[in-house]
file upload_8.cif (mmCIF, C-alpha atoms)
data_coords
loop_
_atom_site.label_atom_id
_atom_site.label_comp_id
_atom_site.auth_asym_id
_atom_site.auth_seq_id
_atom_site.Cartn_x
_atom_site.Cartn_y
_atom_site.Cartn_z
CA VAL L 1 -5.88 -23.52 4.34
CA SER L 2 -3.65 -20.78 5.74
CA ASP L 3 -5.05 -17.85 7.73
CA ASP L 4 -4.03 -15.46 4.94
CA SER L 5 -5.83 -17.63 2.40
CA VAL L 6 -8.96 -17.73 4.56
CA HIS L 7 -9.04 -13.94 4.96
CA ALA L 8 -8.25 -13.26 1.31
CA GLY L 9 -10.77 -15.86 0.18
CA PHE L 10 -13.83 -13.87 1.25
CA ARG L 11 -15.12 -10.50 0.09
CA SER L 12 -16.28 -7.82 2.50
CA ASP L 13 -19.87 -9.05 2.16
CA GLY L 14 -18.81 -12.58 3.19
CA SER L 15 -19.17 -14.16 -0.25
CA PRO L 16 -16.35 -16.55 -1.23
CA ARG L 17 -13.84 -15.76 -3.95
CA TYR L 18 -13.48 -19.47 -4.74
CA THR L 19 -16.50 -21.73 -5.13
CA THR L 20 -16.81 -25.39 -6.02
CA PHE L 21 -19.91 -26.70 -7.81
CA TRP L 22 -20.47 -30.43 -7.24
CA LEU L 23 -22.89 -32.21 -9.58
CA PRO L 24 -23.84 -35.87 -8.97
CA LEU L 25 -24.70 -37.83 -12.13
CA THR L 26 -26.22 -40.60 -10.03
CA ASP L 27 -28.11 -40.35 -6.75
CA ALA L 28 -25.64 -39.48 -3.99
CA THR L 29 -26.80 -40.96 -0.69
CA PRO L 30 -25.06 -41.68 2.61
CA GLU L 31 -24.80 -45.29 1.43
CA SER L 32 -23.28 -44.48 -1.98
CA SER L 33 -20.97 -41.71 -0.66
CA CYS L 34 -22.61 -38.32 -0.74
CA LEU L 35 -20.63 -35.31 0.41
CA MET L 36 -20.00 -35.01 4.14
CA VAL L 37 -19.41 -31.53 5.58
CA VAL L 38 -18.86 -29.57 8.76
CA PRO L 39 -21.27 -26.59 8.83
CA LYS L 40 -19.72 -23.12 8.86
CA GLU L 41 -21.05 -22.32 12.32
CA LYS L 42 -19.30 -25.41 13.72
CA ASP L 43 -15.91 -24.49 12.20
CA PRO L 44 -14.13 -21.99 14.48
CA GLY L 45 -11.60 -21.14 11.76
CA TYR L 46 -14.03 -20.73 8.87
CA SER L 47 -13.75 -16.94 8.72
CA GLU L 48 -10.77 -16.20 10.94
CA GLY L 49 -8.33 -19.01 10.12
CA ASP L 50 -6.82 -21.69 12.33
CA ARG L 51 -3.90 -19.70 13.77
CA GLY L 52 -1.31 -22.20 12.62
CA LYS L 53 -3.23 -25.30 13.69
CA SER L 54 -4.69 -28.03 11.52
CA PRO L 55 -8.37 -27.40 10.69
CA LEU L 56 -9.10 -30.96 11.83
CA THR L 57 -7.56 -30.22 15.23
CA THR L 58 -9.50 -26.97 15.52
CA ILE L 59 -12.85 -28.42 14.47
CA PHE L 60 -12.70 -31.80 16.17
CA SER L 61 -11.30 -30.65 19.49
CA THR L 62 -13.85 -32.70 21.46
CA PRO L 63 -15.57 -36.06 20.87
CA GLU L 64 -18.90 -34.25 20.71
CA ALA L 65 -17.72 -32.24 17.70
CA PHE L 66 -18.05 -35.28 15.45
CA GLN L 67 -21.80 -35.12 16.01
CA HIS L 68 -21.91 -31.94 13.90
CA ILE L 69 -20.89 -33.73 10.70
CA ARG L 70 -23.70 -33.51 8.16
CA PRO L 71 -24.32 -35.63 5.03
CA LEU L 72 -25.57 -33.85 1.91
CA PRO L 73 -27.65 -36.44 -0.01
CA THR L 74 -28.29 -35.13 -3.50
CA ARG L 75 -30.40 -36.51 -6.33
CA ALA L 76 -28.85 -37.08 -9.75
CA GLY L 77 -28.71 -33.75 -11.57
CA GLY L 78 -28.75 -31.75 -8.34
CA LEU L 79 -26.11 -29.21 -7.40
CA VAL L 80 -24.09 -28.45 -4.28
CA ALA L 81 -22.04 -25.23 -4.15
CA PHE L 82 -19.55 -24.49 -1.38
CA SER L 83 -16.60 -22.25 -0.57
CA HIS L 84 -12.92 -23.16 -0.52
CA ARG L 85 -13.01 -23.23 3.27
CA LEU L 86 -15.89 -25.65 3.86
CA LEU L 87 -14.41 -28.86 5.26
CA HIS L 88 -15.81 -31.66 3.10
CA TRP L 89 -15.05 -35.20 2.02
CA GLY L 90 -16.60 -38.28 0.48
CA SER L 91 -17.16 -41.39 2.56
CA VAL L 92 -16.45 -45.00 1.65
CA ALA L 93 -19.51 -46.42 -0.09
CA ASP L 94 -21.53 -49.09 1.68
CA PRO L 95 -21.25 -52.47 -0.13
CA ARG L 96 -25.04 -52.57 -0.09
CA ALA L 97 -25.37 -49.33 -2.08
CA PRO L 98 -27.46 -50.03 -5.19
CA ALA L 99 -25.01 -48.37 -7.58
CA PRO L 100 -21.69 -46.49 -7.58
CA ARG L 101 -21.82 -42.74 -7.04
CA ILE L 102 -20.60 -40.75 -10.05
CA ALA L 103 -20.12 -36.99 -9.88
CA VAL L 104 -18.32 -34.12 -11.58
CA ALA L 105 -17.09 -30.92 -10.00
CA PHE L 106 -16.38 -27.44 -11.33
CA ALA L 107 -14.58 -24.58 -9.61
CA ALA L 108 -14.99 -20.85 -10.19
CA ALA L 109 -12.45 -18.44 -8.75
CA ASP L 110 -11.84 -14.72 -8.61
CA PRO L 111 -8.62 -14.31 -10.68
CA GLY L 112 -7.26 -12.09 -7.93
CA PHE L 113 -7.45 -15.03 -5.51
CA ALA L 114 -6.48 -17.99 -7.71
CA GLU L 115 -4.59 -17.71 -10.98
CA PRO L 116 -6.52 -19.24 -13.92
CA TYR L 117 -4.97 -22.43 -15.26
CA PHE L 118 -4.89 -20.95 -18.76
CA SER L 119 -5.81 -17.69 -20.48
CA ARG L 120 -9.46 -16.80 -20.93
CA SER L 121 -8.62 -16.23 -24.59
CA HIS L 122 -8.96 -20.01 -25.04
CA LEU L 123 -12.62 -19.87 -23.97
CA PRO L 124 -15.37 -20.78 -24.52
CA PHE L 125 -14.08 -23.83 -26.42
CA PRO L 126 -10.43 -24.74 -25.68
CA SER L 127 -8.73 -26.82 -28.34
CA LEU L 128 -8.78 -30.59 -28.02
CA GLY L 129 -5.03 -30.62 -27.36
CA LEU L 130 -5.39 -28.12 -24.51
CA ARG L 131 -8.26 -30.09 -22.96
CA VAL L 132 -6.28 -33.33 -23.14
CA ALA L 133 -3.28 -31.58 -21.56
CA LEU L 134 -5.48 -30.25 -18.75
CA VAL L 135 -6.82 -33.74 -18.03
CA ALA L 136 -3.27 -35.12 -18.00
CA GLY L 137 -2.04 -32.35 -15.72
CA GLN L 138 -4.92 -32.87 -13.30
CA ALA L 139 -4.28 -36.62 -13.27
CA LEU L 140 -0.75 -35.92 -12.07
CA ALA L 141 -1.67 -33.16 -9.63
CA TYR L 142 -4.41 -35.25 -8.00
CA CYS L 143 -2.71 -38.64 -8.22
CA SER L 144 -3.38 -39.37 -4.55
CA ASN L 145 -7.15 -39.19 -5.09
CA GLU L 146 -7.46 -41.90 -7.71
CA ALA L 147 -5.66 -45.15 -8.50
CA LEU L 148 -4.90 -43.88 -11.99
CA VAL L 149 -1.20 -43.05 -12.08
CA THR L 150 0.16 -46.44 -11.08
CA THR L 151 3.55 -46.74 -12.83
CA ARG L 152 6.38 -44.48 -13.95
CA GLU L 153 5.48 -45.26 -17.54
CA ARG L 154 1.93 -44.08 -17.05
CA ALA L 155 3.12 -40.96 -15.24
CA GLU L 156 5.47 -40.26 -18.14
CA ALA L 157 2.60 -40.66 -20.64
CA PHE L 158 0.48 -38.13 -18.76
CA TRP L 159 3.48 -35.82 -18.48
CA ASN L 160 4.14 -35.93 -22.22
CA LEU L 161 0.51 -35.05 -22.95
CA PHE L 162 0.69 -32.12 -20.54
CA HIS L 163 4.14 -30.95 -21.62
CA ALA L 164 3.03 -30.67 -25.26
CA GLN L 165 0.77 -27.76 -24.25
CA ALA L 166 2.57 -26.61 -21.09
CA VAL L 167 3.32 -23.14 -22.44
CA GLN L 168 -0.44 -22.46 -22.56
CA PHE L 169 -0.82 -22.89 -18.78
CA GLY L 170 -0.11 -20.42 -16.00
CA PRO L 171 3.15 -20.65 -13.98
CA SER L 172 1.46 -21.83 -10.76
CA PHE L 173 -0.30 -24.77 -12.43
CA ARG L 174 2.84 -25.71 -14.38
CA SER L 175 4.73 -25.75 -11.10
CA ILE L 176 2.14 -27.95 -9.37
CA VAL L 177 2.15 -30.49 -12.19
CA ALA L 178 5.95 -30.50 -12.47
CA LYS L 179 6.39 -31.06 -8.74
CA HIS L 180 4.03 -34.01 -8.72
CA ARG L 181 5.62 -35.47 -11.81
CA ALA L 182 9.03 -35.33 -10.12
CA PHE L 183 7.53 -36.81 -6.95
CA LEU L 184 5.99 -39.69 -8.89
CA GLU L 185 9.26 -40.32 -10.69
CA GLN L 186 10.88 -40.93 -7.30
CA THR L 187 8.13 -43.04 -5.72
CA LEU L 188 6.32 -45.07 -8.39
CA PRO L 189 7.35 -48.59 -9.46
CA GLN L 190 8.15 -49.47 -13.04
CA ALA L 191 5.67 -51.46 -15.12
CA GLY L 192 5.90 -55.19 -14.42
CA SER L 193 7.37 -54.79 -10.93
CA GLU L 194 5.81 -56.42 -7.87
CA GLU L 195 4.54 -53.04 -6.66
CA GLU L 196 2.77 -52.10 -9.90
CA GLY L 197 -0.80 -50.91 -9.33
CA HIS L 198 -0.20 -49.40 -5.90
CA SER L 199 -0.30 -45.78 -7.18
CA CYS L 200 1.01 -42.86 -5.15
CA LYS L 201 -1.70 -43.48 -2.54
CA ARG L 202 0.69 -45.87 -0.84
CA VAL L 203 2.89 -43.02 0.38
CA GLU L 204 0.09 -40.87 1.76
CA GLU L 205 0.96 -41.94 5.30
CA GLU L 206 4.25 -40.11 4.88
CA SER L 207 2.42 -36.86 3.98
CA GLN L 208 2.44 -36.57 0.24
CA GLU L 209 2.57 -32.78 0.09
CA GLU L 210 5.66 -32.71 2.30
CA ARG L 211 7.29 -35.30 0.05
CA VAL L 212 6.39 -33.24 -3.02
CA GLU L 213 8.12 -30.21 -1.57
CA GLU L 214 11.17 -32.26 -0.60
CA VAL L 215 11.51 -33.60 -4.11
CA ALA L 216 10.85 -30.15 -5.58
CA ALA L 217 13.78 -28.79 -3.58
CA ASP L 218 16.12 -30.89 -5.74
CA GLY L 219 16.70 -28.49 -8.62
CA ASP L 220 18.35 -31.14 -10.80
CA LEU L 221 15.03 -32.94 -11.15
CA PHE L 222 13.55 -29.92 -12.90
CA ALA L 223 16.31 -29.39 -15.44
CA GLY L 224 14.65 -29.22 -18.85
CA ILE L 225 11.10 -29.79 -17.57
CA ILE L 226 9.56 -26.33 -17.96
#
call {"tool": "encode", "arguments": {"input": "upload_8.cif", "output": "structure tokens"}}
result
Amino acid sequence: VSDDSVHAGFRSDGSPRYTTFWLPLTDATPESSCLMVVPKEKDPGYSEGDRGKSPLTTIFSTPEAFQHIRPLPTRAGGLVAFSHRLLHWGSVADPRAPAPRIAVAFAAADPGFAEPYFSRSHLPFPSLGLRVALVAGQALAYCSNEALVTTRERAEAFWNLFHAQAVQFGPSFRSIVAKHRAFLEQTLPQAGSEEEGHSCKRVEEESQEERVEEVAADGDLFAGII
């Protein structure tokens, strides 16, 4: 999160302009992978930004800082709400956990801070085609989080579903999806190859976002996309 984003992301009263609502459908415990967070008061850059440094470097500057990590166990049907700046993650579940953790998340943003993915005129019930396109676009944009987009053919299928409704989405979201689609086109194996099933997680060590921008810089890849 850039310093400008941090400053712009809070109103004068300190309330966030972007909030995530996390809802576990099963009990979320430390064993099954509940949310892990760093409290606001233990994050030096929470309100003022990181001054060009990585938040991880700023927060975990000493070994003792890791002791401030807090789990947020939540019962099924509970709710956790947090700002765009709160450092959070999910842990690897313990093999002894009684059941997998399943959760859904929703985000609400001030339109002056984050452009809506599509016009509010589609609410409260977007068409089925628009909802399918949104799911497909998110699958591409968040491909590093899940082992879902595992081949070029699958990436192309998601892209076609998104592209059918692309005109309904805002420019920023279209750009995000297009960049990741181009990135996947360059990095994913074809169906039936020895590397099938690896997904784009396998290139995370090379910094996926940097690779996305490198691929996006090649204008020829975007000819005829959007």
call {"tool": "resolve_selection", "arguments": {"input": "upload_8.cif", "expression": "the PyMOL selection byres ((chain L and resi 36) around 10)", "output": "PyMOL selection string"}}
result
chain L and resi 30+33-35+37-39+69-73+87-91
call {"tool": "write_last_selection", "arguments": {"input": "upload_8.cif", "atoms": "C-alpha atoms", "output": "PDB file, in the coordinates of the input"}}
result
ATOM      1  CA  PRO L  30     -25.060 -41.680   2.610  1.00  0.00           C
ATOM      2  CA  SER L  33     -20.970 -41.710  -0.660  1.00  0.00           C
ATOM      3  CA  CYS L  34     -22.610 -38.320  -0.740  1.00  0.00           C
ATOM      4  CA  LEU L  35     -20.630 -35.310   0.410  1.00  0.00           C
ATOM      5  CA  VAL L  37     -19.410 -31.530   5.580  1.00  0.00           C
ATOM      6  CA  VAL L  38     -18.860 -29.570   8.760  1.00  0.00           C
ATOM      7  CA  PRO L  39     -21.270 -26.590   8.830  1.00  0.00           C
ATOM      8  CA  ILE L  69     -20.890 -33.730  10.700  1.00  0.00           C
ATOM      9  CA  ARG L  70     -23.700 -33.510   8.160  1.00  0.00           C
ATOM     10  CA  PRO L  71     -24.320 -35.630   5.030  1.00  0.00           C
ATOM     11  CA  LEU L  72     -25.570 -33.850   1.910  1.00  0.00           C
ATOM     12  CA  PRO L  73     -27.650 -36.440  -0.010  1.00  0.00           C
ATOM     13  CA  LEU L  87     -14.410 -28.860   5.260  1.00  0.00           C
ATOM     14  CA  HIS L  88     -15.810 -31.660   3.100  1.00  0.00           C
ATOM     15  CA  TRP L  89     -15.050 -35.200   2.020  1.00  0.00           C
ATOM     16  CA  GLY L  90     -16.600 -38.280   0.480  1.00  0.00           C
ATOM     17  CA  SER L  91     -17.160 -41.390   2.560  1.00  0.00           C
TER      18      SER L  91
END
call {"tool": "resolve_selection", "arguments": {"input": "upload_8.cif", "expression": "the PyMOL selection byres ((chain L and resi 100-112) around 9)", "output": "VMD selection string"}}
result
chain L and resid 9 16 to 29 32 to 34 76 93 97 to 99 113 to 116
call {"tool": "resolve_selection", "arguments": {"input": "upload_8.cif", "expression": "the PyMOL selection byres ((chain L and resi 165) around 10)", "output": "ChimeraX atom specification"}}
result
/L:129-134,160-164,166-169
call {"tool": "atom_distance", "arguments": {"input": "upload_8.cif", "atom1": "atom CA of L:Ser144", "atom2": "atom CA of L:Leu123"}}
result
29.0 Å
call {"tool": "residues_near_point", "arguments": {"input": "upload_8.cif", "point": "(-18.3, -16.5, 1.6)", "cutoff": "10 Å", "atoms": "only C-alpha atoms", "output": "ChimeraX atom specification"}}
result
/L:6,9-19,40,46-47,82-86
call {"tool": "closest_residue", "arguments": {"input": "upload_8.cif", "among": "L:Ala8, L:Leu79, L:Cys143, L:Ile176", "to": "L:Leu188", "atoms": "all atoms listed in the file"}}
result
L:Cys143
call {"tool": "atom_distance", "arguments": {"input": "upload_8.cif", "atom1": "atom CA of L:His180", "atom2": "atom CA of L:His122"}}
result
25.1 Å
call {"tool": "atom_distance", "arguments": {"input": "upload_8.cif", "atom1": "atom CA of L:Phe158", "atom2": "atom CA of L:Arg181"}}
result
9.0 Å
call {"tool": "axis_aligned_box", "arguments": {"input": "upload_8.cif", "around": "stretch 100-104 of chain L", "padding_each_side": "6 Å", "output": "JSON"}}
result
{"center_x": -20.1, "center_y": -40.3, "center_z": -9.3, "size_x": 15.5, "size_y": 24.4, "size_z": 16.5}
call {"tool": "closest_residue", "arguments": {"input": "upload_8.cif", "among": "L:Glu156, L:Tyr117, L:Glu146, L:Lys42", "to": "L:Thr58", "atoms": "all atoms listed in the file"}}
result
L:Lys42
call {"tool": "decode", "arguments": {"input": "upload_8.cif", "residues": "stretch 87-121 of chain L", "atoms": "N, CA, C and O atoms", "output": "tab-separated table (two decimals), in the first residue's frame"}}
result
chain	number	residue	atom	x	y	z
L	87	LEU	N	-2.78	-5.33	8.03
L	87	LEU	CA	-2.00	-6.46	7.51
L	87	LEU	C	-2.64	-7.75	8.01
L	87	LEU	O	-2.77	-7.97	9.21
L	88	HIS	N	-3.05	-8.61	7.09
L	88	HIS	CA	-3.75	-9.83	7.46
L	88	HIS	C	-3.41	-10.95	6.49
L	88	HIS	O	-2.97	-10.72	5.37
L	89	TRP	N	-3.60	-12.17	6.93
L	89	TRP	CA	-3.35	-13.33	6.09
L	89	TRP	C	-4.02	-14.54	6.72
L	89	TRP	O	-4.47	-14.51	7.87
L	90	GLY	N	-4.10	-15.61	5.95
L	90	GLY	CA	-4.59	-16.88	6.47
L	90	GLY	C	-3.42	-17.84	6.60
L	90	GLY	O	-2.53	-17.87	5.75
L	91	SER	N	-3.41	-18.62	7.65
L	91	SER	CA	-2.31	-19.56	7.87
L	91	SER	C	-2.59	-20.88	7.16
L	91	SER	O	-3.68	-21.12	6.66
L	92	VAL	N	-1.59	-21.74	7.13
L	92	VAL	CA	-1.78	-23.10	6.62
L	92	VAL	C	-2.50	-23.90	7.69
L	92	VAL	O	-2.12	-23.87	8.87
L	93	ALA	N	-3.57	-24.58	7.29
L	93	ALA	CA	-4.34	-25.34	8.28
L	93	ALA	C	-3.54	-26.50	8.85
L	93	ALA	O	-2.74	-27.13	8.15
L	94	ASP	N	-3.77	-26.77	10.12
L	94	ASP	CA	-3.15	-27.92	10.78
L	94	ASP	C	-3.82	-29.20	10.26
L	94	ASP	O	-5.05	-29.25	10.16
L	95	PRO	N	-3.04	-30.23	9.92
L	95	PRO	CA	-3.64	-31.49	9.45
L	95	PRO	C	-4.64	-32.08	10.43
L	95	PRO	O	-5.51	-32.87	10.05
L	96	ARG	N	-4.53	-31.71	11.69
L	96	ARG	CA	-5.43	-32.24	12.70
L	96	ARG	C	-6.72	-31.44	12.84
L	96	ARG	O	-7.58	-31.78	13.66
L	97	ALA	N	-6.87	-30.37	12.07
L	97	ALA	CA	-8.10	-29.57	12.12
L	97	ALA	C	-9.29	-30.47	11.77
L	97	ALA	O	-9.22	-31.28	10.84
L	98	PRO	N	-10.39	-30.34	12.49
L	98	PRO	CA	-11.53	-31.25	12.27
L	98	PRO	C	-12.20	-31.10	10.91
L	98	PRO	O	-12.82	-32.04	10.42
L	99	ALA	N	-12.10	-29.91	10.30
L	99	ALA	CA	-12.75	-29.69	9.01
L	99	ALA	C	-12.09	-28.52	8.31
L	99	ALA	O	-11.46	-27.67	8.96
L	100	PRO	N	-12.18	-28.44	6.99
L	100	PRO	CA	-11.62	-27.30	6.26
L	100	PRO	C	-12.33	-26.01	6.66
L	100	PRO	O	-13.51	-26.02	7.02
L	101	ARG	N	-11.62	-24.90	6.58
L	101	ARG	CA	-12.23	-23.60	6.84
L	101	ARG	C	-12.75	-23.04	5.52
L	101	ARG	O	-12.05	-22.97	4.53
L	102	ILE	N	-14.02	-22.66	5.52
L	102	ILE	CA	-14.65	-22.07	4.33
L	102	ILE	C	-15.16	-20.69	4.71
L	102	ILE	O	-15.80	-20.51	5.75
L	103	ALA	N	-14.85	-19.69	3.89
L	103	ALA	CA	-15.26	-18.33	4.19
L	103	ALA	C	-15.54	-17.56	2.91
L	103	ALA	O	-15.06	-17.93	1.83
L	104	VAL	N	-16.32	-16.52	3.02
L	104	VAL	CA	-16.55	-15.59	1.92
L	104	VAL	C	-16.20	-14.20	2.40
L	104	VAL	O	-16.22	-13.92	3.60
L	105	ALA	N	-15.85	-13.33	1.47
L	105	ALA	CA	-15.47	-11.97	1.82
L	105	ALA	C	-16.17	-10.98	0.90
L	105	ALA	O	-16.38	-11.26	-0.29
L	106	PHE	N	-16.53	-9.84	1.45
L	106	PHE	CA	-17.14	-8.76	0.70
L	106	PHE	C	-16.37	-7.48	0.98
L	106	PHE	O	-15.86	-7.29	2.09
L	107	ALA	N	-16.27	-6.62	0.00
L	107	ALA	CA	-15.59	-5.34	0.19
L	107	ALA	C	-16.54	-4.21	-0.13
L	107	ALA	O	-17.35	-4.29	-1.05
L	108	ALA	N	-16.45	-3.14	0.66
L	108	ALA	CA	-17.24	-1.93	0.42
L	108	ALA	C	-16.28	-0.76	0.36
L	108	ALA	O	-15.42	-0.60	1.24
L	109	ALA	N	-16.39	0.04	-0.70
L	109	ALA	CA	-15.44	1.13	-0.90
L	109	ALA	C	-16.14	2.43	-1.23
L	109	ALA	O	-17.18	2.44	-1.90
L	110	ASP	N	-15.59	3.51	-0.74
L	110	ASP	CA	-16.00	4.85	-1.16
L	110	ASP	C	-15.63	4.98	-2.64
L	110	ASP	O	-14.48	4.76	-3.01
L	111	PRO	N	-16.58	5.30	-3.53
L	111	PRO	CA	-16.25	5.39	-4.96
L	111	PRO	C	-15.18	6.41	-5.29
L	111	PRO	O	-14.55	6.33	-6.34
L	112	GLY	N	-14.95	7.35	-4.38
L	112	GLY	CA	-13.88	8.32	-4.60
L	112	GLY	C	-12.51	7.75	-4.31
L	112	GLY	O	-11.50	8.33	-4.69
L	113	PHE	N	-12.47	6.59	-3.66
L	113	PHE	CA	-11.20	5.94	-3.33
L	113	PHE	C	-10.90	4.77	-4.26
L	113	PHE	O	-9.77	4.58	-4.69
L	114	ALA	N	-11.93	3.96	-4.56
L	114	ALA	CA	-11.77	2.81	-5.44
L	114	ALA	C	-12.94	2.77	-6.42
L	114	ALA	O	-14.10	2.76	-6.01
L	115	GLU	N	-12.62	2.77	-7.70
L	115	GLU	CA	-13.65	2.76	-8.73
L	115	GLU	C	-14.48	1.47	-8.64
L	115	GLU	O	-13.92	0.38	-8.55
L	116	PRO	N	-15.81	1.57	-8.67
L	116	PRO	CA	-16.63	0.36	-8.67
L	116	PRO	C	-16.33	-0.51	-9.89
L	116	PRO	O	-15.99	0.00	-10.95
L	117	TYR	N	-16.43	-1.83	-9.73
L	117	TYR	CA	-16.16	-2.72	-10.84
L	117	TYR	C	-17.15	-2.52	-11.97
L	117	TYR	O	-16.80	-2.62	-13.15
L	118	PHE	N	-18.42	-2.27	-11.62
L	118	PHE	CA	-19.42	-1.98	-12.64
L	118	PHE	C	-20.42	-0.96	-12.09
L	118	PHE	O	-20.44	-0.67	-10.89
L	119	SER	N	-21.24	-0.40	-12.97
L	119	SER	CA	-22.16	0.66	-12.60
L	119	SER	C	-23.18	0.19	-11.57
L	119	SER	O	-23.66	-0.95	-11.61
L	120	ARG	N	-23.54	1.09	-10.66
L	120	ARG	CA	-24.55	0.78	-9.66
L	120	ARG	C	-25.92	0.56	-10.30
L	120	ARG	O	-26.83	0.03	-9.65
L	121	SER	N	-26.06	0.95	-11.56
L	121	SER	CA	-27.34	0.75	-12.23
L	121	SER	C	-27.67	-0.74	-12.39
L	121	SER	O	-28.83	-1.10	-12.63
